[in-house]
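S.K.: Below you'll find upload-v4.tsv; it's TSV, C-alpha atoms.
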```tsv
chain	number	residue	atom	x	y	z
D	1	MET	CA	-41.35	-55.07	17.93
D	2	GLN	CA	-37.90	-55.50	19.48
D	3	ILE	CA	-34.27	-55.50	18.48
D	4	ILE	CA	-31.86	-58.20	19.57
D	5	GLU	CA	-28.42	-56.60	19.66
D	6	ALA	CA	-25.05	-56.66	21.38
D	7	LYS	CA	-23.73	-53.52	23.02
D	8	GLY	CA	-20.38	-52.33	21.78
D	9	THR	CA	-20.59	-53.89	18.32
D	10	PRO	CA	-20.32	-51.65	15.25
D	11	ASN	CA	-23.41	-53.13	13.59
D	12	GLY	CA	-25.52	-52.74	16.69
D	13	ARG	CA	-24.45	-49.11	16.98
D	14	ARG	CA	-25.23	-48.41	13.32
D	15	VAL	CA	-28.88	-49.29	13.95
D	16	ARG	CA	-28.97	-47.40	17.26
D	17	ILE	CA	-27.67	-44.19	15.63
D	18	PHE	CA	-30.04	-44.59	12.69
D	19	LEU	CA	-33.02	-44.91	15.05
D	20	ALA	CA	-31.83	-41.91	17.09
D	21	GLU	CA	-31.63	-39.82	13.88
D	22	LYS	CA	-35.20	-40.85	13.07
D	23	GLY	CA	-36.38	-40.31	16.64
D	24	ILE	CA	-37.75	-43.85	16.81
D	25	ALA	CA	-37.65	-45.80	20.09
D	26	VAL	CA	-37.53	-49.60	19.86
D	27	PRO	CA	-37.10	-51.90	22.87
D	28	ALA	CA	-33.77	-53.73	22.76
D	29	VAL	CA	-32.63	-57.05	24.14
D	30	ASN	CA	-28.88	-57.20	24.69
D	31	ILE	CA	-27.13	-60.52	24.19
D	32	ASP	CA	-23.53	-61.44	24.98
D	33	LEU	CA	-21.47	-62.36	21.91
D	34	ARG	CA	-18.43	-63.42	23.93
D	35	ALA	CA	-20.60	-65.91	25.79
D	36	GLY	CA	-21.90	-67.15	22.42
D	37	GLU	CA	-25.51	-66.16	23.05
D	38	ASN	CA	-25.79	-65.43	19.32
D	39	LEU	CA	-25.03	-69.08	18.55
D	40	THR	CA	-27.84	-70.64	20.56
D	41	ALA	CA	-30.73	-72.47	18.91
D	42	GLU	CA	-33.00	-69.67	20.12
D	43	HIS	CA	-31.01	-66.99	18.28
D	44	ARG	CA	-30.42	-69.14	15.20
D	45	ALA	CA	-34.19	-69.47	14.90
D	46	ARG	CA	-34.20	-65.69	14.46
D	47	ASN	CA	-31.11	-65.64	12.25
D	48	PRO	CA	-29.60	-68.90	10.98
D	49	PHE	CA	-26.31	-67.07	10.40
D	50	GLY	CA	-26.10	-66.32	14.14
D	51	ARG	CA	-25.48	-62.62	13.73
D	52	ILE	CA	-26.78	-59.49	15.36
D	53	PRO	CA	-28.63	-57.15	15.24
D	54	VAL	CA	-32.01	-58.69	14.44
D	55	LEU	CA	-35.30	-56.77	14.32
D	56	GLU	CA	-38.23	-58.93	15.39
D	57	LEU	CA	-41.54	-57.58	14.12
D	58	ASP	CA	-44.84	-58.05	15.94
D	59	ASP	CA	-45.87	-60.71	13.41
D	60	GLY	CA	-42.75	-62.72	14.30
D	61	THR	CA	-40.81	-61.84	11.12
D	62	CYS	CA	-37.13	-61.49	11.88
D	63	ILE	CA	-35.09	-59.02	9.84
D	64	ALA	CA	-31.35	-59.40	10.18
D	65	GLU	CA	-28.55	-57.27	8.73
D	66	SER	CA	-28.12	-53.74	10.02
D	67	VAL	CA	-28.76	-52.02	6.68
D	68	ALA	CA	-31.92	-54.10	6.08
D	69	ILE	CA	-33.21	-53.06	9.52
D	70	CYS	CA	-32.43	-49.41	8.75
D	71	ARG	CA	-34.15	-49.67	5.38
D	72	TYR	CA	-37.28	-51.02	7.07
D	73	PHE	CA	-37.47	-47.95	9.29
D	74	GLU	CA	-36.69	-45.65	6.34
D	75	GLU	CA	-39.70	-47.14	4.55
D	76	ILE	CA	-42.13	-46.80	7.45
D	77	GLN	CA	-40.86	-43.35	8.47
D	78	PRO	CA	-39.20	-41.58	5.52
D	79	ASN	CA	-38.23	-38.42	7.44
D	80	PRO	CA	-35.54	-37.39	7.91
D	81	PRO	CA	-34.38	-39.24	4.77
D	82	LEU	CA	-31.16	-41.17	5.38
D	83	PHE	CA	-31.06	-43.19	2.14
D	84	GLY	CA	-31.47	-40.30	-0.35
D	85	THR	CA	-34.58	-38.71	-1.80
D	86	ASP	CA	-34.65	-39.49	-5.54
D	87	ALA	CA	-33.22	-42.05	-7.98
D	88	LYS	CA	-29.82	-40.42	-8.28
D	89	SER	CA	-29.31	-39.53	-4.63
D	90	ARG	CA	-30.51	-42.97	-3.52
D	91	ALA	CA	-27.97	-44.58	-5.82
D	92	ILE	CA	-25.23	-42.26	-4.56
D	93	VAL	CA	-26.04	-42.98	-0.91
D	94	GLU	CA	-26.05	-46.71	-1.66
D	95	MET	CA	-22.71	-46.37	-3.44
D	96	TRP	CA	-21.09	-44.57	-0.51
D	97	ASN	CA	-22.62	-46.82	2.10
D	98	ARG	CA	-21.23	-49.82	0.24
D	99	ARG	CA	-17.83	-48.22	-0.22
D	100	ALA	CA	-17.66	-47.43	3.50
D	101	GLU	CA	-18.78	-50.93	4.36
D	102	LEU	CA	-17.01	-53.12	1.79
D	103	ASN	CA	-13.81	-51.12	1.35
D	104	PHE	CA	-13.27	-49.94	4.92
D	105	LEU	CA	-15.48	-51.54	7.59
D	106	MET	CA	-14.95	-55.05	6.21
D	107	PRO	CA	-11.15	-55.06	5.93
D	108	GLY	CA	-10.90	-53.27	9.28
D	109	ALA	CA	-13.20	-55.84	10.91
D	110	GLN	CA	-11.16	-58.66	9.37
D	111	ALA	CA	-8.00	-56.98	10.68
D	112	PHE	CA	-9.50	-56.76	14.19
D	113	ARG	CA	-10.69	-60.36	14.24
D	114	ASN	CA	-7.55	-61.85	12.72
D	115	ILE	CA	-5.04	-59.75	14.67
D	116	THR	CA	-6.68	-59.99	18.08
D	117	GLY	CA	-8.27	-63.43	17.70
D	118	PHE	CA	-11.36	-61.99	19.41
D	119	PHE	CA	-13.53	-64.86	18.09
D	120	LYS	CA	-10.80	-67.50	17.75
D	121	ASP	CA	-12.81	-69.88	19.93
D	122	ARG	CA	-15.30	-70.11	17.04
D	123	GLU	CA	-13.52	-69.16	13.82
D	124	LYS	CA	-10.18	-69.86	12.18
D	125	ILE	CA	-7.91	-66.86	11.97
D	126	SER	CA	-4.81	-65.85	10.03
D	127	ALA	CA	-2.39	-63.30	11.51
D	128	GLU	CA	-1.01	-62.86	7.99
D	129	TRP	CA	-4.46	-61.87	6.70
D	130	GLY	CA	-4.98	-59.59	9.68
D	131	ALA	CA	-1.89	-57.60	8.70
D	132	ILE	CA	-2.91	-57.48	5.02
D	133	SER	CA	-6.39	-56.30	5.98
D	134	GLU	CA	-5.14	-53.60	8.32
D	135	GLU	CA	-2.95	-52.27	5.51
D	136	ALA	CA	-5.89	-52.37	3.08
D	137	ALA	CA	-8.06	-50.34	5.47
D	138	ALA	CA	-5.21	-47.87	6.01
D	139	GLU	CA	-4.64	-47.45	2.26
D	140	VAL	CA	-8.25	-46.67	1.50
D	141	LEU	CA	-8.82	-44.03	4.19
D	142	PRO	CA	-7.07	-41.24	2.19
D	143	ILE	CA	-9.62	-41.76	-0.59
D	144	PHE	CA	-12.38	-40.95	1.88
D	145	ASP	CA	-10.33	-38.00	3.12
D	146	ASP	CA	-10.08	-36.65	-0.44
D	147	VAL	CA	-13.84	-36.79	-0.88
D	148	LEU	CA	-14.41	-35.11	2.46
D	149	ALA	CA	-12.17	-32.22	1.37
D	150	HIS	CA	-14.89	-31.19	-1.07
D	151	SER	CA	-18.03	-32.59	0.51
D	152	ARG	CA	-19.55	-32.06	3.95
D	153	PHE	CA	-20.76	-35.66	4.16
D	154	LEU	CA	-19.87	-38.74	2.14
D	155	ALA	CA	-22.82	-38.56	-0.22
D	156	GLY	CA	-22.94	-34.75	-0.42
D	157	ASP	CA	-24.50	-32.04	1.72
D	158	ALA	CA	-26.93	-34.32	3.52
D	159	PHE	CA	-26.06	-36.69	6.36
D	160	SER	CA	-26.92	-40.28	5.36
D	161	ILE	CA	-26.57	-43.91	6.38
D	162	ALA	CA	-23.18	-43.89	4.62
D	163	ASP	CA	-21.88	-41.51	7.29
D	164	ILE	CA	-23.16	-43.78	10.03
D	165	THR	CA	-21.25	-46.67	8.49
D	166	LEU	CA	-17.98	-44.78	8.04
D	167	GLY	CA	-18.17	-42.91	11.34
D	168	VAL	CA	-19.00	-45.99	13.42
D	169	ALA	CA	-16.20	-47.91	11.73
D	170	LEU	CA	-13.71	-45.14	12.49
D	171	ASP	CA	-14.78	-44.94	16.15
D	172	PHE	CA	-14.59	-48.71	16.56
D	173	PHE	CA	-11.22	-49.13	14.86
D	174	GLN	CA	-9.72	-46.34	16.94
D	175	ALA	CA	-11.12	-47.91	20.13
D	176	VAL	CA	-9.54	-51.28	19.30
D	177	LYS	CA	-6.31	-49.55	18.28
D	178	LEU	CA	-5.99	-50.52	14.62
D	179	GLN	CA	-3.03	-48.75	13.04
D	180	LEU	CA	-4.84	-46.43	10.62
D	181	PRO	CA	-4.20	-42.77	9.64
D	182	PHE	CA	-6.96	-41.39	11.89
D	183	ASP	CA	-5.40	-37.92	11.85
D	184	LEU	CA	-6.10	-37.14	8.17
D	185	PRO	CA	-7.37	-33.53	8.14
D	186	ASN	CA	-10.74	-33.90	6.47
D	187	VAL	CA	-11.52	-37.14	8.27
D	188	THR	CA	-10.78	-35.30	11.52
D	189	ARG	CA	-13.09	-32.38	10.63
D	190	TYR	CA	-15.81	-34.86	9.61
D	191	ARG	CA	-15.55	-36.95	12.76
D	192	ALA	CA	-15.88	-33.86	14.96
D	193	GLU	CA	-19.05	-32.96	13.09
D	194	LEU	CA	-20.45	-36.49	13.51
D	195	ALA	CA	-19.56	-36.54	17.21
D	196	ALA	CA	-21.54	-33.31	17.72
D	197	ARG	CA	-24.78	-34.94	16.53
D	198	PRO	CA	-27.04	-36.00	19.43
D	199	SER	CA	-27.51	-39.40	17.76
D	200	TRP	CA	-23.78	-40.11	18.02
D	201	ALA	CA	-24.07	-40.74	21.76
D	202	ALA	CA	-25.90	-43.99	20.94
D	203	ARG	CA	-23.87	-47.04	21.92
H	1	MET	CA	-25.64	-43.16	-20.32
H	2	GLN	CA	-23.12	-45.99	-20.43
H	3	ILE	CA	-21.76	-48.74	-18.23
H	4	ILE	CA	-18.06	-49.41	-17.86
H	5	GLU	CA	-17.70	-53.07	-17.06
H	6	ALA	CA	-15.47	-56.10	-17.41
H	7	LYS	CA	-16.81	-59.23	-19.04
H	8	GLY	CA	-16.61	-62.37	-16.97
H	9	THR	CA	-16.68	-60.65	-13.59
H	10	PRO	CA	-19.44	-61.53	-11.12
H	11	ASN	CA	-20.28	-57.88	-10.38
H	12	GLY	CA	-20.50	-56.99	-14.06
H	13	ARG	CA	-22.83	-59.93	-14.63
H	14	ARG	CA	-25.05	-58.98	-11.68
H	15	VAL	CA	-25.84	-55.66	-13.38
H	16	ARG	CA	-26.25	-57.29	-16.82
H	17	ILE	CA	-28.80	-59.80	-15.49
H	18	PHE	CA	-30.62	-57.09	-13.54
H	19	LEU	CA	-30.95	-54.96	-16.69
H	20	ALA	CA	-32.09	-57.99	-18.71
H	21	GLU	CA	-34.81	-58.67	-16.12
H	22	LYS	CA	-35.94	-55.06	-16.44
H	23	GLY	CA	-35.69	-55.10	-20.22
H	24	ILE	CA	-33.41	-52.05	-20.19
H	25	ALA	CA	-30.63	-51.71	-22.77
H	26	VAL	CA	-27.58	-49.65	-21.78
H	27	PRO	CA	-24.46	-49.30	-23.94
H	28	ALA	CA	-21.46	-50.96	-22.32
H	29	VAL	CA	-17.74	-50.31	-22.53
H	30	ASN	CA	-15.67	-53.35	-21.69
H	31	ILE	CA	-12.34	-52.84	-19.95
H	32	ASP	CA	-9.62	-55.39	-19.24
H	33	LEU	CA	-8.99	-55.96	-15.54
H	34	ARG	CA	-6.00	-58.23	-16.12
H	35	ALA	CA	-4.35	-55.43	-18.10
H	36	GLY	CA	-5.12	-53.04	-15.22
H	37	GLU	CA	-7.43	-50.81	-17.27
H	38	ASN	CA	-9.45	-50.25	-14.09
H	39	LEU	CA	-6.40	-48.70	-12.41
H	40	THR	CA	-5.76	-45.93	-14.94
H	41	ALA	CA	-6.22	-42.26	-14.09
H	42	GLU	CA	-9.14	-42.22	-16.54
H	43	HIS	CA	-11.00	-44.94	-14.68
H	44	ARG	CA	-10.06	-43.64	-11.23
H	45	ALA	CA	-11.69	-40.35	-12.21
H	46	ARG	CA	-14.89	-42.36	-12.55
H	47	ASN	CA	-14.27	-44.45	-9.45
H	48	PRO	CA	-11.36	-43.63	-7.12
H	49	PHE	CA	-11.50	-47.18	-5.79
H	50	GLY	CA	-10.70	-48.49	-9.28
H	51	ARG	CA	-13.54	-50.98	-9.39
H	52	ILE	CA	-16.12	-51.96	-11.96
H	53	PRO	CA	-18.91	-51.75	-12.95
H	54	VAL	CA	-19.54	-48.00	-13.12
H	55	LEU	CA	-22.68	-46.38	-14.53
H	56	GLU	CA	-21.94	-43.04	-16.15
H	57	LEU	CA	-25.04	-40.84	-16.40
H	58	ASP	CA	-25.57	-38.27	-19.13
H	59	ASP	CA	-24.79	-35.45	-16.67
H	60	GLY	CA	-21.39	-37.05	-15.98
H	61	THR	CA	-22.31	-38.48	-12.58
H	62	CYS	CA	-20.59	-41.81	-12.04
H	63	ILE	CA	-22.35	-44.43	-9.94
H	64	ALA	CA	-20.15	-47.32	-8.85
H	65	GLU	CA	-21.07	-50.48	-6.93
H	66	SER	CA	-23.26	-53.03	-8.65
H	67	VAL	CA	-26.12	-52.83	-6.15
H	68	ALA	CA	-26.15	-49.01	-6.33
H	69	ILE	CA	-26.39	-49.22	-10.12
H	70	CYS	CA	-29.23	-51.72	-9.85
H	71	ARG	CA	-31.03	-49.52	-7.33
H	72	TYR	CA	-30.81	-46.57	-9.71
H	73	PHE	CA	-32.61	-48.56	-12.39
H	74	GLU	CA	-35.14	-49.88	-9.87
H	75	GLU	CA	-35.98	-46.28	-8.99
H	76	ILE	CA	-36.36	-45.06	-12.57
H	77	GLN	CA	-38.20	-48.21	-13.73
H	78	PRO	CA	-39.90	-49.95	-10.80
H	79	ASN	CA	-41.30	-52.87	-12.80
H	80	PRO	CA	-40.71	-55.72	-12.49
H	81	PRO	CA	-39.79	-55.02	-8.86
H	82	LEU	CA	-36.49	-56.67	-7.91
H	83	PHE	CA	-35.96	-55.00	-4.51
H	84	GLY	CA	-39.36	-55.80	-2.95
H	85	THR	CA	-42.62	-53.87	-2.99
H	86	ASP	CA	-43.34	-52.66	0.55
H	87	ALA	CA	-41.44	-51.92	3.77
H	88	LYS	CA	-41.29	-55.51	4.94
H	89	SER	CA	-40.48	-57.12	1.59
H	90	ARG	CA	-37.86	-54.47	0.82
H	91	ALA	CA	-36.18	-55.18	4.13
H	92	ILE	CA	-36.32	-58.93	3.50
H	93	VAL	CA	-34.82	-58.58	0.00
H	94	GLU	CA	-32.08	-56.36	1.40
H	95	MET	CA	-31.40	-58.91	4.13
H	96	TRP	CA	-31.07	-61.78	1.67
H	97	ASN	CA	-29.05	-59.80	-0.81
H	98	ARG	CA	-26.63	-58.90	1.96
H	99	ARG	CA	-26.49	-62.45	3.27
H	100	ALA	CA	-25.73	-63.74	-0.24
H	101	GLU	CA	-23.11	-61.06	-0.73
H	102	LEU	CA	-21.43	-60.78	2.67
H	103	ASN	CA	-21.70	-64.39	3.82
H	104	PHE	CA	-21.13	-66.19	0.50
H	105	LEU	CA	-19.94	-64.01	-2.41
H	106	MET	CA	-17.34	-62.21	-0.29
H	107	PRO	CA	-15.64	-65.24	1.30
H	108	GLY	CA	-15.79	-67.08	-2.03
H	109	ALA	CA	-14.22	-64.12	-3.83
H	110	GLN	CA	-11.53	-63.91	-1.17
H	111	ALA	CA	-10.93	-67.64	-1.57
H	112	PHE	CA	-10.58	-67.24	-5.35
H	113	ARG	CA	-8.21	-64.28	-5.12
H	114	ASN	CA	-6.07	-65.69	-2.33
H	115	ILE	CA	-5.90	-69.27	-3.64
H	116	THR	CA	-5.26	-68.47	-7.30
H	117	GLY	CA	-3.38	-65.20	-6.85
H	118	PHE	CA	-5.38	-63.84	-9.78
H	119	PHE	CA	-4.54	-60.23	-8.78
H	120	LYS	CA	-1.25	-60.92	-7.00
H	121	ASP	CA	0.49	-58.39	-9.24
H	122	ARG	CA	-1.49	-55.67	-7.42
H	123	GLU	CA	-2.57	-57.03	-4.02
H	124	LYS	CA	-1.02	-59.03	-1.21
H	125	ILE	CA	-2.44	-62.49	-0.80
H	126	SER	CA	-2.49	-65.17	1.86
H	127	ALA	CA	-2.89	-68.83	0.87
H	128	GLU	CA	-3.83	-69.50	4.48
H	129	TRP	CA	-6.71	-67.01	4.27
H	130	GLY	CA	-7.75	-68.45	0.91
H	131	ALA	CA	-8.25	-71.86	2.51
H	132	ILE	CA	-10.12	-70.39	5.51
H	133	SER	CA	-12.38	-68.41	3.16
H	134	GLU	CA	-13.16	-71.39	0.94
H	135	GLU	CA	-14.17	-73.35	4.03
H	136	ALA	CA	-16.32	-70.43	5.24
H	137	ALA	CA	-18.16	-70.27	1.90
H	138	ALA	CA	-18.63	-74.06	1.94
H	139	GLU	CA	-20.01	-74.04	5.48
H	140	VAL	CA	-22.61	-71.40	4.76
H	141	LEU	CA	-24.08	-72.91	1.59
H	142	PRO	CA	-26.19	-75.48	3.50
H	143	ILE	CA	-27.96	-72.59	5.25
H	144	PHE	CA	-29.06	-71.29	1.86
H	145	ASP	CA	-30.04	-74.83	0.89
H	146	ASP	CA	-32.26	-75.10	3.97
H	147	VAL	CA	-34.07	-71.90	3.08
H	148	LEU	CA	-34.53	-73.00	-0.52
H	149	ALA	CA	-36.18	-76.20	0.72
H	150	HIS	CA	-39.16	-74.12	1.79
H	151	SER	CA	-38.95	-71.10	-0.50
H	152	ARG	CA	-38.90	-70.83	-4.28
H	153	PHE	CA	-36.47	-67.90	-4.20
H	154	LEU	CA	-34.27	-66.51	-1.44
H	155	ALA	CA	-36.64	-63.77	-0.36
H	156	GLY	CA	-39.85	-65.75	-0.95
H	157	ASP	CA	-42.03	-66.41	-3.98
H	158	ALA	CA	-40.68	-63.52	-6.05
H	159	PHE	CA	-37.36	-63.46	-7.88
H	160	SER	CA	-35.22	-60.58	-6.58
H	161	ILE	CA	-31.77	-59.06	-6.69
H	162	ALA	CA	-30.80	-61.45	-3.89
H	163	ASP	CA	-31.17	-64.35	-6.34
H	164	ILE	CA	-28.98	-62.58	-8.86
H	165	THR	CA	-26.28	-62.23	-6.20
H	166	LEU	CA	-26.42	-65.83	-5.00
H	167	GLY	CA	-26.87	-67.35	-8.48
H	168	VAL	CA	-24.05	-65.37	-10.07
H	169	ALA	CA	-21.76	-66.24	-7.15
H	170	LEU	CA	-22.57	-69.95	-7.52
H	171	ASP	CA	-21.94	-69.90	-11.27
H	172	PHE	CA	-18.64	-68.06	-10.87
H	173	PHE	CA	-17.34	-70.20	-8.03
H	174	GLN	CA	-18.15	-73.37	-9.95
H	175	ALA	CA	-16.41	-72.00	-13.07
H	176	VAL	CA	-13.24	-71.24	-11.10
H	177	LYS	CA	-13.49	-74.62	-9.36
H	178	LEU	CA	-13.83	-73.63	-5.71
H	179	GLN	CA	-14.43	-76.68	-3.56
H	180	LEU	CA	-18.01	-76.05	-2.43
H	181	PRO	CA	-20.99	-78.40	-2.02
H	182	PHE	CA	-22.62	-77.37	-5.30
H	183	ASP	CA	-24.73	-80.57	-5.38
H	184	LEU	CA	-26.97	-79.71	-2.41
H	185	PRO	CA	-30.49	-80.68	-3.53
H	186	ASN	CA	-32.36	-77.41	-3.11
H	187	VAL	CA	-29.48	-75.34	-4.42
H	188	THR	CA	-29.48	-77.60	-7.50
H	189	ARG	CA	-33.23	-77.17	-8.05
H	190	TYR	CA	-32.88	-73.42	-7.60
H	191	ARG	CA	-29.96	-73.06	-9.99
H	192	ALA	CA	-31.84	-74.95	-12.71
H	193	GLU	CA	-34.71	-72.51	-12.29
H	194	LEU	CA	-32.38	-69.50	-12.49
H	195	ALA	CA	-30.62	-70.90	-15.56
H	196	ALA	CA	-33.99	-71.20	-17.35
H	197	ARG	CA	-34.61	-67.44	-17.07
H	198	PRO	CA	-33.80	-65.58	-20.32
H	199	SER	CA	-31.84	-62.99	-18.30
H	200	TRP	CA	-29.45	-65.66	-17.10
H	201	ALA	CA	-27.75	-65.81	-20.50
H	202	ALA	CA	-26.25	-62.37	-19.77
H	203	ARG	CA	-22.50	-62.53	-19.34
```
Produce structure tokens that represent the structure in this file.
M.R.:
Amino acid sequence: MQIIEAKGTPNGRRVRIFLAEKGIAVPAVNIDLRAGENLTAEHRARNPFGRIPVLELDDGTCIAESVAICRYFEEIQPNPPLFGTDAKSRAIVEMWNRRAELNFLMPGAQAFRNITGFFKDREKISAEWGAISEEAAAEVLPIFDDVLAHSRFLAGDAFSIADITLGVALDFFQAVKLQLPFDLPNVTRYRAELAARPSWAAR
Amino acid sequence: MQIIEAKGTPNGRRVRIFLAEKGIAVPAVNIDLRAGENLTAEHRARNPFGRIPVLELDDGTCIAESVAICRYFEEIQPNPPLFGTDAKSRAIVEMWNRRAELNFLMPGAQAFRNITGFFKDREKISAEWGAISEEAAAEVLPIFDDVLAHSRFLAGDAFSIADITLGVALDFFQAVKLQLPFDLPNVTRYRAELAARPSWAAR
């Protein structure tokens, strides 16, 4: 078993933190996105969409998509549970993970790619959409802040994959200097708590 | 228990088809997105992000996000399984559901919203991004076609939530006349098979 990943990417880090929380060690192969190593025939045989990370199982099966990789490890090692523990809590974790991903990570990532043109050698970009997306990510952050005023973690008292998604997105967007209200009080309290977890050192 | 939904929306239909596959009946309340009924204080109390569908449980808990709602029902009624049956198949279903959603449904939805301005009374749009997104959705469909050349369904021999996501997206994008290569041979075979399922009549 090995993971093909790219250091410094939010999706690679999501899996790294998840594995650290579980205490699972998996050998990793680092590829260089800027050099297009994810677009080679070799990598497309693992993932036709050319994305990372990819978990390659010993039988040759390749599992792409960070949340799918995390779910695989949740299934083979349920403790500590990071996807919830019963029907309701699993649905709530899924809801919050999707909200963090679709409503915040996605617009922020589109802002980053369209404002900076980081991948403009391989994708069309729109500065206009970059600005719209940055504003969308900024507008939604207070909703997360409101929830975190009354809840230790996104999905309640227990740390979950939803916190990995939101926390990694926040760290990444601050590193690449998106203009977002990072100083919201409950978001600030929450990020300090995430940063204190040993898993958070994963890069 | 009730579902707050909006007829004609892809995410509402994803849940409807999922429930039909499971043979579960849940009362539904239809709200009017064009009239902004999802943006009222009443609906934002259910879902601060103002989106549909939302599953309201008898204890008052509101579960938003179509896939989270589906997962709730998968947990309380595992058969027929629509999220896989073991660690590997669950990861593979999650991977394909995410690929269908993130790589096809999302760019197609962004194309629809930015080209038509369907929600321009409440969101900023970019015609430039609409065109880029339509092209992105068109470019990725042949990858799905390639997989469907060798596989009955997206995640293998068994119908899963990933097929609901891809099939509903295809139906919606054709209805709103996105310019996509709908006539790819394996996609065509696959869509005929989906359309023959009793659940597919759900709207």
S.K.: Up to 9 Å from (-31.7, -43.5, 1.0) in the file's coordinates: name the residues, counting all atoms listed in the file, as a list in words.
M.R.: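 The answer, in the requested form, is Arg71, Glu74, Pro78, Pro81, Leu82, Phe83, Gly84, Thr85, Asp86, Ser89, Arg90, Ala91, Ile92, Val93, Glu94, Ser160 and Ile161 of chain D.
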S.K.: Could you list, as a ChimeraX atom specification, every residue of chain D that has an atom within 9 Å of an atom of chain H, counting only C-alpha atoms?
M.R.: /D:48-49,61-76,86-96,98-99,102-103,124-126,128-129,132,140,143
S.K.: As an exercise, work out the distance from CA of Val187 in chain H to CA of Gly167 in chain H in Å and give it to one decimal place.
M.R.: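 Separation of CA of Val187 in chain H and CA of Gly167 in chain H: 9.3 Å.
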S.K.: Using CA of Pro198 in chain D and CA of Gly8 in chain D as the two end points, give the distance in Å to one decimal.
M.R.: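 Computed distance, CA of Pro198 in chain D to CA of Gly8 in chain D, equals 17.8 Å.
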S.K.: D:Phe112, D:Phe182, D:Phe18, D:Phe119: which is nearest Leu170 in chain D, counting all atoms listed in the file?
M.R.: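 For Leu170 in chain D, the nearest of the given residues is D:Phe182.
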S.K.: Under the rule that only C-alpha atoms are counted, which of H:Ile31, H:Ala6, H:Ala192, H:Leu178 is the nearest residue to Ala137 in chain H?
M.R.: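 Looking at the shortest contact to Ala137 in chain H, the residue is H:Leu178.
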S.K.: Work out where the centre of an axis-aligned box around every listed atom of range 6-17 of chain H lies and how long its edges are once 8 Å is added on each side; give both in Å to one decimal as JSON.
M.R.:
```
{"center_x": -22.1, "center_y": -59.0, "center_z": -14.7, "size_x": 29.3, "size_y": 22.7, "size_z": 24.7}
```
S.K.: Please report the interatomic distance between CA of Gln179 in chain H and CA of Ala109 in chain H in Å with one decimal.
M.R.: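 The value is 12.6 Å.
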S.K.: For Pro27 in chain D, which of D:Glu193, D:Glu56, D:Asp157, D:Asp171 is the closest residue, counting only C-alpha atoms?
M.R.: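 Result for the nearest residue to Pro27 in chain D: D:Glu56.
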S.K.: Excluding Asn38 in chain D and its own-chain neighbours fewer than 4 positions away, which residues fall within 10 Å of it when counting only C-alpha atoms? Please give them as a ChimeraX atom specification.
M.R.: /D:4-6,31-34,42-44,46-53
S.K.: Using only C-alpha atoms, find the one residue out of D:Thr165, D:Gln174, D:Asn11, D:Thr40 that sits nearest to Ala138 in chain D.
M.R.: D:Gln174
S.K.: Using all atoms listed in the file, can you tell me which of H:Pro10, H:Arg197, H:Ile115, H:Ile3 comes closest to Ala175 in chain H?
M.R.: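 Among the listed residues, the smallest separation from Ala175 in chain H belongs to H:Pro10.
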S.K.: Ranking D:Arg113, D:Gly156, D:Glu134, D:Gln2 by minimum distance to Gly60 in chain D and counting all atoms listed in the file, which one comes first?
M.R.: D:Gln2
S.K.: Within 9 Å of (-29.0, -42.3, 14.7), in the coordinates the file gives, what residues turn up when you count all atoms listed in the file, written out as a PyMOL selection string?
M.R.: chain D and resi 13-23+161+164+197-202
